file target20.csv (CSV, C-alpha atoms)
chain,number,residue,atom,x,y,z
A,289,MET,CA,0.0,0.0,0.0
A,290,ALA,CA,3.0,2.2,0.5
A,291,GLY,CA,6.1,3.1,-1.5
A,292,ASN,CA,9.6,3.5,-0.4
A,293,SER,CA,11.0,6.8,0.7
A,294,SER,CA,14.5,8.1,1.5
A,295,ARG,CA,16.2,11.1,3.1
A,296,ARG,CA,19.6,12.5,2.9
A,297,GLY,CA,21.2,14.9,5.3
A,298,ALA,CA,24.4,16.8,5.4
A,299,THR,CA,26.6,18.2,8.1
A,300,SER,CA,29.6,20.6,8.1
A,301,LYS,CA,32.6,20.9,10.3
A,302,GLY,CA,33.1,24.0,12.5
A,303,LYS,CA,36.5,25.6,13.2
A,304,GLY,CA,38.5,24.2,16.1
A,305,LYS,CA,39.7,26.1,19.1
A,306,THR,CA,43.1,27.8,18.8
A,307,ALA,CA,45.4,28.7,21.7
A,308,GLY,CA,48.7,30.3,22.3
A,309,SER,CA,50.5,33.3,20.8
A,310,GLY,CA,51.0,31.4,17.5
A,311,GLY,CA,47.4,30.3,17.3
A,312,ARG,CA,48.3,26.7,17.7
A,313,ARG,CA,48.9,24.3,20.7
A,314,ARG,CA,52.5,23.3,21.2
A,315,LYS,CA,51.5,19.7,20.6
A,316,GLY,CA,50.3,20.6,17.1
A,317,LEU,CA,53.8,21.8,16.2
A,318,GLU,CA,55.6,18.7,17.3
A,319,GLY,CA,57.1,16.5,14.6
A,320,ARG,CA,55.3,13.5,13.3
A,321,GLY,CA,58.3,11.3,12.8
A,322,PRO,CA,60.0,10.2,9.6
A,323,THR,CA,58.1,10.2,6.2
A,324,PRO,CA,56.8,6.6,5.5
A,325,LYS,CA,58.1,4.7,2.6
A,326,ALA,CA,56.3,5.0,-0.7
A,327,GLU,CA,54.9,1.5,-0.5
A,328,ASP,CA,53.5,2.3,2.9
A,329,ARG,CA,51.5,5.3,1.8
A,330,PRO,CA,48.0,4.4,0.6
A,331,TYR,CA,47.8,7.3,-1.9
A,332,HIS,CA,51.0,6.3,-3.6
A,333,LYS,CA,51.0,4.0,-6.7
A,334,ALA,CA,53.8,1.9,-5.1
A,335,TYR,CA,51.4,1.0,-2.3
A,336,LYS,CA,48.7,-0.5,-4.6
A,337,GLY,CA,51.2,-2.7,-6.3
A,338,ASN,CA,52.4,-4.0,-2.9
A,339,VAL,CA,49.1,-5.1,-1.5
A,340,LYS,CA,48.5,-8.8,-1.6
A,341,PRO,CA,45.1,-10.2,-2.6
A,342,GLY,CA,43.0,-11.2,0.4
A,343,THR,CA,44.5,-8.7,2.7
A,344,THR,CA,42.0,-7.8,5.5
A,345,LYS,CA,41.1,-4.3,6.7
A,346,GLU,CA,42.7,-5.0,10.0
A,347,GLN,CA,46.0,-6.0,8.3
A,348,LEU,CA,45.8,-2.8,6.2
A,349,ALA,CA,45.2,-0.7,9.3
A,350,ARG,CA,48.2,-2.3,11.1
A,351,ARG,CA,50.4,-1.8,8.1
A,352,GLN,CA,49.3,1.9,7.6
A,353,GLY,CA,49.7,2.7,11.2
A,354,GLY,CA,53.3,1.5,11.8
A,355,ASN,CA,54.1,2.7,15.3
A,356,ARG,CA,51.1,5.2,15.2
A,357,SER,CA,47.5,4.4,15.9
A,358,ALA,CA,45.2,4.1,12.9
A,359,ALA,CA,42.6,6.8,12.7
A,360,LYS,CA,39.2,5.7,14.2
A,361,PRO,CA,36.1,6.0,12.1
A,362,ALA,CA,33.4,8.3,13.3
A,363,GLY,CA,30.9,6.5,15.5
A,364,LYS,CA,27.1,6.3,15.0
A,365,VAL,CA,24.9,8.7,16.8
A,366,GLY,CA,22.4,7.0,19.1
A,367,ALA,CA,18.7,7.4,18.7
A,368,GLU,CA,18.6,9.7,21.8
A,369,TRP,CA,21.0,12.4,20.3
A,370,VAL,CA,20.6,15.3,17.9
A,371,VAL,CA,23.9,16.8,16.8
A,372,GLY,CA,25.0,19.8,14.8
A,373,ARG,CA,24.0,23.4,15.1
A,374,ASN,CA,21.2,23.5,12.5
A,375,PRO,CA,19.7,20.1,13.5
A,376,VAL,CA,19.7,21.1,17.2
A,377,PHE,CA,18.0,24.4,16.5
A,378,GLU,CA,15.4,22.8,14.3
A,379,ALA,CA,14.7,20.2,17.0
A,380,LEU,CA,14.1,23.0,19.5
A,381,GLN,CA,11.9,24.8,17.1
A,382,ALA,CA,9.8,21.6,16.6
A,383,GLY,CA,9.2,21.3,20.3
A,384,MET,CA,11.2,18.1,20.9
A,385,PRO,CA,11.7,17.2,24.5
A,386,VAL,CA,15.2,17.9,25.9
A,387,LYS,CA,17.0,16.0,28.6
A,388,SER,CA,20.2,18.0,28.3
A,389,LEU,CA,21.8,20.5,25.9
A,390,TYR,CA,25.6,20.2,25.6
A,391,VAL,CA,28.0,22.9,24.3
A,392,ALA,CA,31.7,22.2,23.8
A,393,GLU,CA,34.2,24.4,25.6
A,394,GLY,CA,35.6,26.9,23.1
A,395,ALA,CA,32.9,26.3,20.5
A,396,GLU,CA,32.9,29.0,17.9
A,397,ARG,CA,30.2,31.6,18.4
A,398,ASP,CA,27.9,32.3,15.5
A,399,SER,CA,24.3,33.4,15.0
A,400,ARG,CA,23.0,29.8,15.0
A,401,LEU,CA,24.6,29.0,18.4
A,402,ALA,CA,23.3,32.3,19.7
A,403,ASP,CA,19.8,31.3,18.6
A,404,VAL,CA,20.1,27.9,20.4
A,405,LEU,CA,21.3,29.6,23.6
A,406,LYS,CA,18.4,32.1,23.4
A,407,VAL,CA,15.8,29.3,23.1
A,408,ALA,CA,17.5,27.4,25.9
A,409,ALA,CA,17.4,30.4,28.2
A,410,GLU,CA,13.7,31.3,27.3
A,411,ASN,CA,12.6,27.7,28.1
A,412,SER,CA,14.9,27.1,31.1
A,413,LEU,CA,16.5,24.1,29.3
A,414,PRO,CA,19.3,22.3,31.1
A,415,LEU,CA,22.5,23.5,29.5
A,416,LEU,CA,25.9,21.9,30.2
A,417,GLN,CA,29.4,22.9,29.0
A,418,ILE,CA,31.9,20.1,28.6
A,419,SER,CA,35.1,19.5,26.8
A,420,ARG,CA,35.1,18.7,23.1
A,421,ASN,CA,36.7,15.3,23.7
A,422,GLU,CA,33.9,14.4,26.1
A,423,LEU,CA,31.3,15.5,23.6
A,424,ASP,CA,33.0,13.4,21.0
A,425,ARG,CA,32.7,10.4,23.3
A,426,LEU,CA,29.1,11.0,24.2
A,427,THR,CA,28.0,11.3,20.6
A,428,GLY,CA,30.1,8.5,19.3
A,429,GLY,CA,32.5,10.6,17.3
A,430,ALA,CA,29.8,12.4,15.3
A,431,VAL,CA,30.3,15.8,13.7
A,432,HIS,CA,28.6,17.8,16.4
A,433,GLN,CA,30.0,21.2,15.6
A,434,GLY,CA,30.3,21.8,19.4
A,435,LEU,CA,26.6,21.4,20.0
A,436,ALA,CA,24.4,18.4,20.8
A,437,LEU,CA,21.0,17.7,22.3
A,438,GLN,CA,20.1,14.6,24.3
A,439,LEU,CA,16.5,13.4,24.3
A,440,PRO,CA,14.9,11.8,27.3
A,441,HIS,CA,14.0,8.1,27.1
A,442,TYR,CA,10.6,7.8,25.4
A,443,GLU,CA,7.9,6.3,27.6
A,444,TYR,CA,5.7,4.0,25.5
A,445,ALA,CA,2.1,3.5,26.5
A,446,HIS,CA,0.9,0.0,27.2
A,447,PRO,CA,-1.4,-1.4,24.5
A,448,ASP,CA,-4.1,-2.2,27.2
A,449,ASP,CA,-3.9,1.3,28.6
A,450,LEU,CA,-4.3,2.8,25.2
A,451,LEU,CA,-7.3,0.5,24.7
A,452,ALA,CA,-8.9,1.4,28.0
A,453,ASP,CA,-8.3,5.2,27.5
A,454,SER,CA,-9.7,5.2,24.0
A,455,LEU,CA,-12.9,3.4,25.1
A,456,ALA,CA,-13.3,5.9,28.0
A,457,GLY,CA,-13.3,8.9,25.6
A,458,GLU,CA,-16.4,10.9,24.6
A,459,THR,CA,-16.1,10.1,20.9
A,460,ALA,CA,-15.9,6.9,18.9
A,461,PRO,CA,-12.4,5.4,19.5
A,462,LEU,CA,-9.9,5.5,16.6
A,463,VAL,CA,-6.4,3.9,16.9
A,464,VAL,CA,-3.7,3.5,14.2
A,465,PHE,CA,-1.7,0.3,14.1
A,466,CYS,CA,1.7,0.3,12.2
A,467,ASP,CA,2.7,-3.1,10.7
A,468,GLY,CA,6.4,-2.9,9.9
A,469,ILE,CA,6.8,0.8,9.4
A,470,THR,CA,10.6,1.0,9.4
A,471,ASP,CA,11.2,4.6,8.2
A,472,PRO,CA,11.1,7.0,11.2
A,473,HIS,CA,10.1,9.8,8.9
A,474,ASN,CA,7.0,7.9,8.0
A,475,LEU,CA,6.3,6.9,11.6
A,476,GLY,CA,6.5,10.6,12.7
A,477,ALA,CA,4.2,11.7,9.8
A,478,ILE,CA,1.7,9.0,10.8
A,479,ILE,CA,1.7,10.2,14.4
A,480,ARG,CA,1.2,13.7,13.1
A,481,SER,CA,-1.8,12.7,11.0
A,482,ALA,CA,-3.3,10.6,13.8
A,483,ALA,CA,-3.2,13.7,16.1
A,484,ALA,CA,-4.6,15.9,13.4
A,485,PHE,CA,-7.7,13.7,12.7
A,486,GLY,CA,-8.5,13.0,16.3
A,487,ALA,CA,-7.1,9.5,16.8
A,488,ASN,CA,-6.7,8.2,20.3
A,489,GLY,CA,-3.2,6.9,19.7
A,490,VAL,CA,-0.7,4.9,17.6
A,491,LEU,CA,0.5,1.4,18.2
A,492,ILE,CA,3.8,-0.1,16.9
A,493,PRO,CA,5.2,-3.6,17.2
A,494,GLU,CA,8.4,-4.2,19.3
A,495,ARG,CA,10.3,-5.8,16.4
A,496,ARG,CA,10.8,-4.8,12.7
A,497,SER,CA,9.5,-1.3,13.3
A,498,ALA,CA,10.9,2.2,13.5
A,499,SER,CA,10.8,3.6,17.1
A,500,MET,CA,10.5,7.0,18.6
A,501,THR,CA,13.9,8.3,17.6
A,502,ALA,CA,14.9,11.9,17.1
A,503,VAL,CA,13.9,11.7,13.4
A,504,ALA,CA,10.4,10.4,14.3
A,505,TRP,CA,10.0,13.1,16.9
A,506,LYS,CA,11.0,15.8,14.4
A,507,SER,CA,8.8,14.4,11.7
A,508,SER,CA,5.8,14.4,14.0
A,509,ALA,CA,6.2,18.2,14.3
A,510,GLY,CA,5.5,18.0,18.0
A,511,ALA,CA,2.4,15.7,17.8
A,512,ALA,CA,4.4,12.9,19.6
A,513,ALA,CA,4.1,15.0,22.7
A,514,ARG,CA,0.3,15.2,22.4
A,515,ILE,CA,-0.8,11.7,21.4
A,516,PRO,CA,0.3,8.4,23.1
A,517,VAL,CA,2.4,5.8,21.2
A,518,ALA,CA,2.1,2.3,22.5
A,519,MET,CA,4.4,-0.6,21.8
A,520,ALA,CA,3.1,-4.2,21.6
A,521,THR,CA,5.2,-7.3,21.9
A,522,ASN,CA,3.0,-9.0,19.2
A,523,LEU,CA,0.9,-7.0,16.8
A,524,ASN,CA,-1.6,-9.7,16.0
A,525,ARG,CA,-2.3,-10.5,19.6
A,526,ALA,CA,-3.0,-6.8,20.1
A,527,ILE,CA,-5.4,-6.8,17.1
A,528,GLU,CA,-7.2,-9.8,18.7
A,529,ARG,CA,-7.5,-8.0,22.0
A,530,TYR,CA,-9.0,-4.9,20.4
A,531,GLN,CA,-11.4,-6.9,18.4
A,532,LYS,CA,-12.7,-8.6,21.5
A,533,ALA,CA,-13.2,-5.2,23.0
A,534,GLY,CA,-15.5,-4.3,20.1
A,535,PHE,CA,-13.2,-2.6,17.6
A,536,THR,CA,-13.6,-3.2,13.9
A,537,VAL,CA,-10.1,-3.7,12.4
A,538,VAL,CA,-9.5,-2.5,8.8
A,539,GLY,CA,-6.2,-2.9,7.0
A,540,LEU,CA,-5.1,-0.6,4.2
A,541,ALA,CA,-4.3,-2.6,1.1
A,542,GLY,CA,-4.3,-1.7,-2.6
A,543,GLU,CA,-6.3,-4.8,-3.5
A,544,GLY,CA,-8.8,-4.4,-0.7
A,545,ASP,CA,-12.5,-5.1,-1.7
A,546,VAL,CA,-13.9,-2.2,0.4
A,547,GLU,CA,-13.2,1.4,-0.7
A,548,ILE,CA,-12.2,3.8,2.0
A,549,GLY,CA,-15.5,5.7,1.8
A,550,GLY,CA,-17.5,2.7,2.7
A,551,ILE,CA,-15.9,1.2,5.8
A,552,PRO,CA,-18.4,-1.0,7.7
A,553,GLY,CA,-18.6,0.1,11.4
A,554,VAL,CA,-17.0,3.5,10.7
A,555,ASP,CA,-19.1,5.1,13.5
A,556,GLY,CA,-17.9,2.7,16.1
A,557,PRO,CA,-14.5,1.7,17.7
A,558,LEU,CA,-12.1,1.5,14.8
A,559,VAL,CA,-8.5,0.3,14.3
A,560,VAL,CA,-6.7,1.3,11.0
A,561,VAL,CA,-3.7,-0.9,10.2
A,562,VAL,CA,-1.1,0.5,7.8
A,563,GLY,CA,1.5,-1.8,6.3
A,564,SER,CA,5.2,-1.4,5.6
A,565,GLU,CA,6.6,1.0,3.0
A,566,GLY,CA,7.6,-1.8,0.6
A,567,ASP,CA,5.6,-5.0,1.3
A,568,GLY,CA,2.4,-3.6,2.8
A,569,LEU,CA,0.5,-5.7,5.4
A,570,ALA,CA,2.0,-9.0,6.5
A,571,ARG,CA,0.1,-12.1,5.7
A,572,LEU,CA,-1.0,-12.9,9.3
A,573,THR,CA,-2.0,-9.3,9.8
A,574,ARG,CA,-4.2,-9.4,6.6
A,575,GLU,CA,-5.9,-12.5,7.9
A,576,ARG,CA,-6.6,-10.8,11.3
A,577,CYS,CA,-8.2,-7.8,9.8
A,578,ASP,CA,-12.0,-7.6,9.5
A,579,HIS,CA,-11.8,-5.8,6.2
A,580,LEU,CA,-9.2,-4.8,3.7
A,581,VAL,CA,-9.7,-1.3,2.6
A,582,SER,CA,-8.4,0.3,-0.6
A,583,ILE,CA,-7.8,4.0,-1.6
A,584,PRO,CA,-8.7,4.5,-5.3
A,585,ILE,CA,-5.8,5.8,-7.3
A,586,THR,CA,-5.0,6.0,-11.0
A,587,SER,CA,-3.2,3.2,-12.7
A,588,ALA,CA,-0.2,5.4,-13.5
A,589,VAL,CA,0.9,5.1,-9.8
A,590,GLU,CA,1.5,1.7,-8.2
A,591,SER,CA,1.0,2.7,-4.6
A,592,LEU,CA,1.0,5.5,-2.0
A,593,ASN,CA,3.6,6.3,0.6
A,594,ALA,CA,2.6,4.8,4.0
A,595,SER,CA,2.1,8.1,5.8
A,596,VAL,CA,0.2,9.6,2.8
A,597,ALA,CA,-2.2,6.6,2.7
A,598,THR,CA,-2.7,6.9,6.4
A,599,SER,CA,-3.5,10.6,6.2
A,600,ILE,CA,-6.1,10.0,3.4
A,601,ALA,CA,-7.7,7.2,5.3
A,602,LEU,CA,-8.0,9.1,8.5
A,603,TYR,CA,-9.4,12.2,6.7
A,604,GLU,CA,-12.0,10.0,5.0
A,605,ILE,CA,-13.0,8.3,8.3
A,606,SER,CA,-13.3,11.8,10.0
A,607,ARG,CA,-15.4,13.0,7.1
A,608,CYS,CA,-17.7,9.9,7.2
A,609,ARG,CA,-18.1,10.3,11.0

call {"tool": "encode", "arguments": {"input": "target20.csv", "output": "structure tokens"}}
result
Amino acid sequence: MAGNSSRRGATSKGKGKTAGSGGRRRKGLEGRGPTPKAEDRPYHKAYKGNVKPGTTKEQLARRQGGNRSAAKPAGKVGAEWVVGRNPVFEALQAGMPVKSLYVAEGAERDSRLADVLKVAAENSLPLLQISRNELDRLTGGAVHQGLALQLPHYEYAHPDDLLADSLAGETAPLVVFCDGITDPHNLGAIIRSAAAFGANGVLIPERRSASMTAVAWKSSAGAAARIPVAMATNLNRAIERYQKAGFTVVGLAGEGDVEIGGIPGVDGPLVVVVGSEGDGLARLTRERCDHLVSIPITSAVESLNASVATSIALYEISRCR
């Protein structure tokens, strides 16, 4: 029911701190030892002709390093971190929760850093100044430009609590289930649409699913703070529990025999299940659904993006109600 989507991002390096009358630390002026032989320099043609087939990366690293340590690759940023000046500012503008805001000692002052510090002061955000080496360690060696934001651990709702709370509301319950949504951008957009059209919450499975990372938070445009997201150990068992509680479960599928404008039981408790970006609903999930619902589109397009399909479905349900 949904097509693939991708994102690309870019970061830039900031200037490092300078010190001393010469503008450099003494250590930076120390000699680096004798020049390596031509066959030991990776960029030299003599090196390529001296590498034996089957040489491992570890062997290459030892050979290149000699008596010096090989350069360490940049580490991956954990889901709880947002790094870089523009990403941090955008995260604050989007209303993302903040556990701590870190600024590296000696970080270059520019207008973007000033903007971040202003927002932090206005909202009384916890601001910590640490050494650049410590910030490197915390963010796994990412290019942080002297600025990083740590998100608090996300507290998922229990599926049973979401069920009870939705039934206790004044309007007909509406919950969105995500079956294998692995793109955090799509998850965030689905949460945003769920909040916009009055859904009681979103439920995701524990495995093979995107989680509430910084990307999902940002894509939700703040909606993740206003609508609960539950995590279920088993999606199909959660579907069964909701059905026993009186919910009609409809799955979005291009080949569905019911059009979105004619969902049976639309006025009562309803669960809308959206499938993965590439494969749609899993076989067992399809079998669990009470109805498979389609959104009419032209033959020129094979399918809709998962978050777009969810938005259309939720709008139509809202209109019908």

call {"tool": "atom_distance", "arguments": {"input": "target20.csv", "atom1": "CA of Thr586 in chain A", "atom2": "CA of Ala484 in chain A"}}
result
26.3 Å

call {"tool": "residues_around", "arguments": {"input": "target20.csv", "residues": "Leu413 in chain A", "least_positions_apart": "3", "cutoff": "12 Å", "atoms": "only C-alpha atoms", "output": "list in words"}}
result
Leu380, Gly383, Met384, Pro385, Val386, Lys387, Ser388, Leu389, Tyr390, Val404, Leu405, Lys406, Val407, Ala408, Ala409, Glu410, Leu416, Leu437, Gln438 and Leu439 of chain A

call {"tool": "closest_atom_pairs", "arguments": {"input": "target20.csv", "of": "range 426-539 of chain A", "to": "range 550-565 of chain A", "cutoff": "8 Å", "atoms": "all atoms listed in the file", "output": "CSV"}}
result
residue,atom,partner,partner_atom,distance
A:Leu455,CA,A:Pro557,CA,7.8
A:Ala460,CA,A:Gly556,CA,5.4
A:Pro461,CA,A:Pro557,CA,4.6
A:Leu462,CA,A:Leu558,CA,4.9
A:Val463,CA,A:Val559,CA,4.9
A:Val464,CA,A:Val560,CA,4.9
A:Phe465,CA,A:Val561,CA,4.5
A:Cys466,CA,A:Val562,CA,5.2
A:Asp467,CA,A:Gly563,CA,4.7
A:Gly468,CA,A:Ser564,CA,4.7
A:Ile469,CA,A:Ser564,CA,4.7
A:Thr470,CA,A:Ser564,CA,7.0
A:Asp471,CA,A:Glu565,CA,7.8
A:Gly534,CA,A:Pro557,CA,6.5
A:Phe535,CA,A:Pro557,CA,4.5
A:Thr536,CA,A:Leu558,CA,5.0
A:Val537,CA,A:Val559,CA,4.7
A:Val538,CA,A:Val560,CA,5.2
A:Gly539,CA,A:Val561,CA,4.5

call {"tool": "closest_residue", "arguments": {"input": "target20.csv", "among": "A:Ala487, A:Ile548, A:Leu540, A:Ala382", "to": "Gly510 in chain A", "atoms": "all atoms listed in the file"}}
result
A:Ala382

call {"tool": "closest_residue", "arguments": {"input": "target20.csv", "among": "A:Asp398, A:Asp578, A:Asp449, A:Asp424", "to": "Gln531 in chain A", "atoms": "all atoms listed in the file"}}
result
A:Asp578

call {"tool": "atom_distance", "arguments": {"input": "target20.csv", "atom1": "CA of Ala597 in chain A", "atom2": "CA of Gly549 in chain A"}}
result
13.4 Å

call {"tool": "closest_residue", "arguments": {"input": "target20.csv", "among": "A:Gln381, A:Ala477, A:Asn488, A:Gln417", "to": "Ser599 in chain A", "atoms": "only C-alpha atoms"}}
result
A:Ala477

call {"tool": "residues_around", "arguments": {"input": "target20.csv", "residues": "Tyr442 in chain A", "least_positions_apart": "6", "cutoff": "12 Å", "atoms": "all atoms listed in the file", "output": "PDB file with C-alpha atoms, in the frame of the given file"}}
result
ATOM      1  CA  ALA A 367      18.700   7.400  18.700  1.00  0.00           C
ATOM      2  CA  GLU A 368      18.600   9.700  21.800  1.00  0.00           C
ATOM      3  CA  MET A 384      11.200  18.100  20.900  1.00  0.00           C
ATOM      4  CA  PRO A 385      11.700  17.200  24.500  1.00  0.00           C
ATOM      5  CA  VAL A 386      15.200  17.900  25.900  1.00  0.00           C
ATOM      6  CA  LYS A 387      17.000  16.000  28.600  1.00  0.00           C
ATOM      7  CA  SER A 499      10.800   3.600  17.100  1.00  0.00           C
ATOM      8  CA  MET A 500      10.500   7.000  18.600  1.00  0.00           C
ATOM      9  CA  THR A 501      13.900   8.300  17.600  1.00  0.00           C
ATOM     10  CA  ALA A 502      14.900  11.900  17.100  1.00  0.00           C
ATOM     11  CA  ALA A 504      10.400  10.400  14.300  1.00  0.00           C
ATOM     12  CA  TRP A 505      10.000  13.100  16.900  1.00  0.00           C
ATOM     13  CA  ALA A 512       4.400  12.900  19.600  1.00  0.00           C
ATOM     14  CA  ALA A 513       4.100  15.000  22.700  1.00  0.00           C
ATOM     15  CA  PRO A 516       0.300   8.400  23.100  1.00  0.00           C
ATOM     16  CA  VAL A 517       2.400   5.800  21.200  1.00  0.00           C
ATOM     17  CA  ALA A 518       2.100   2.300  22.500  1.00  0.00           C
ATOM     18  CA  MET A 519       4.400  -0.600  21.800  1.00  0.00           C
TER      19      MET A 519
END

call {"tool": "atom_distance", "arguments": {"input": "target20.csv", "atom1": "CA of Ser481 in chain A", "atom2": "CA of Cys577 in chain A"}}
result
21.5 Å

call {"tool": "decode", "arguments": {"input": "target20.csv", "residues": "range 510-526 of chain A", "atoms": "N, CA, C and O atoms", "output": "PDB file, in the first residue's frame"}}
result
ATOM      1  N   GLY A 510       5.959  17.782  16.692  1.00  0.00           N
ATOM      2  CA  GLY A 510       5.469  18.028  18.035  1.00  0.00           C
ATOM      3  C   GLY A 510       4.267  17.194  18.427  1.00  0.00           C
ATOM      4  O   GLY A 510       3.897  17.156  19.599  1.00  0.00           O
ATOM      5  N   ALA A 511       3.644  16.494  17.469  1.00  0.00           N
ATOM      6  CA  ALA A 511       2.449  15.701  17.774  1.00  0.00           C
ATOM      7  C   ALA A 511       2.760  14.535  18.705  1.00  0.00           C
ATOM      8  O   ALA A 511       1.884  14.067  19.439  1.00  0.00           O
ATOM      9  N   ALA A 512       4.007  14.057  18.701  1.00  0.00           N
ATOM     10  CA  ALA A 512       4.377  12.929  19.560  1.00  0.00           C
ATOM     11  C   ALA A 512       4.259  13.283  21.041  1.00  0.00           C
ATOM     12  O   ALA A 512       4.187  12.389  21.881  1.00  0.00           O
ATOM     13  N   ALA A 513       4.230  14.554  21.348  1.00  0.00           N
ATOM     14  CA  ALA A 513       4.065  14.976  22.740  1.00  0.00           C
ATOM     15  C   ALA A 513       2.587  15.083  23.122  1.00  0.00           C
ATOM     16  O   ALA A 513       2.276  15.248  24.303  1.00  0.00           O
ATOM     17  N   ARG A 514       1.698  14.984  22.126  1.00  0.00           N
ATOM     18  CA  ARG A 514       0.268  15.177  22.396  1.00  0.00           C
ATOM     19  C   ARG A 514      -0.569  13.909  22.223  1.00  0.00           C
ATOM     20  O   ARG A 514      -1.744  13.909  22.593  1.00  0.00           O
ATOM     21  N   ILE A 515      -0.008  12.873  21.654  1.00  0.00           N
ATOM     22  CA  ILE A 515      -0.761  11.650  21.409  1.00  0.00           C
ATOM     23  C   ILE A 515       0.083  10.459  21.851  1.00  0.00           C
ATOM     24  O   ILE A 515       1.286  10.418  21.590  1.00  0.00           O
ATOM     25  N   PRO A 516      -0.501   9.487  22.568  1.00  0.00           N
ATOM     26  CA  PRO A 516       0.296   8.361  23.055  1.00  0.00           C
ATOM     27  C   PRO A 516       0.701   7.399  21.937  1.00  0.00           C
ATOM     28  O   PRO A 516      -0.056   7.189  20.981  1.00  0.00           O
ATOM     29  N   VAL A 517       1.893   6.850  22.068  1.00  0.00           N
ATOM     30  CA  VAL A 517       2.368   5.805  21.170  1.00  0.00           C
ATOM     31  C   VAL A 517       2.616   4.564  22.023  1.00  0.00           C
ATOM     32  O   VAL A 517       3.413   4.609  22.966  1.00  0.00           O
ATOM     33  N   ALA A 518       1.911   3.497  21.716  1.00  0.00           N
ATOM     34  CA  ALA A 518       2.057   2.253  22.473  1.00  0.00           C
ATOM     35  C   ALA A 518       2.948   1.281  21.703  1.00  0.00           C
ATOM     36  O   ALA A 518       3.014   1.338  20.473  1.00  0.00           O
ATOM     37  N   MET A 519       3.610   0.397  22.442  1.00  0.00           N
ATOM     38  CA  MET A 519       4.434  -0.631  21.813  1.00  0.00           C
ATOM     39  C   MET A 519       3.942  -2.001  22.264  1.00  0.00           C
ATOM     40  O   MET A 519       3.824  -2.264  23.455  1.00  0.00           O
ATOM     41  N   ALA A 520       3.637  -2.861  21.283  1.00  0.00           N
ATOM     42  CA  ALA A 520       3.118  -4.192  21.558  1.00  0.00           C
ATOM     43  C   ALA A 520       4.181  -5.246  21.263  1.00  0.00           C
ATOM     44  O   ALA A 520       4.912  -5.139  20.273  1.00  0.00           O
ATOM     45  N   THR A 521       4.257  -6.251  22.114  1.00  0.00           N
ATOM     46  CA  THR A 521       5.188  -7.350  21.876  1.00  0.00           C
ATOM     47  C   THR A 521       4.797  -8.123  20.621  1.00  0.00           C
ATOM     48  O   THR A 521       5.649  -8.538  19.836  1.00  0.00           O
ATOM     49  N   ASN A 522       3.485  -8.291  20.411  1.00  0.00           N
ATOM     50  CA  ASN A 522       2.983  -9.024  19.249  1.00  0.00           C
ATOM     51  C   ASN A 522       1.798  -8.252  18.670  1.00  0.00           C
ATOM     52  O   ASN A 522       0.781  -8.069  19.341  1.00  0.00           O
ATOM     53  N   LEU A 523       1.926  -7.805  17.433  1.00  0.00           N
ATOM     54  CA  LEU A 523       0.897  -6.972  16.816  1.00  0.00           C
ATOM     55  C   LEU A 523      -0.417  -7.730  16.635  1.00  0.00           C
ATOM     56  O   LEU A 523      -1.497  -7.186  16.889  1.00  0.00           O
ATOM     57  N   ASN A 524      -0.356  -8.971  16.223  1.00  0.00           N
ATOM     58  CA  ASN A 524      -1.573  -9.730  15.956  1.00  0.00           C
ATOM     59  C   ASN A 524      -2.346 -10.045  17.229  1.00  0.00           C
ATOM     60  O   ASN A 524      -3.582 -10.080  17.220  1.00  0.00           O
ATOM     61  N   ARG A 525      -1.638 -10.273  18.321  1.00  0.00           N
ATOM     62  CA  ARG A 525      -2.344 -10.479  19.588  1.00  0.00           C
ATOM     63  C   ARG A 525      -3.011  -9.188  20.040  1.00  0.00           C
ATOM     64  O   ARG A 525      -4.094  -9.210  20.638  1.00  0.00           O
ATOM     65  N   ALA A 526      -2.361  -8.054  19.760  1.00  0.00           N
ATOM     66  CA  ALA A 526      -2.976  -6.764  20.093  1.00  0.00           C
ATOM     67  C   ALA A 526      -4.241  -6.554  19.260  1.00  0.00           C
ATOM     68  O   ALA A 526      -5.262  -6.071  19.772  1.00  0.00           O
TER      69      ALA A 526
END
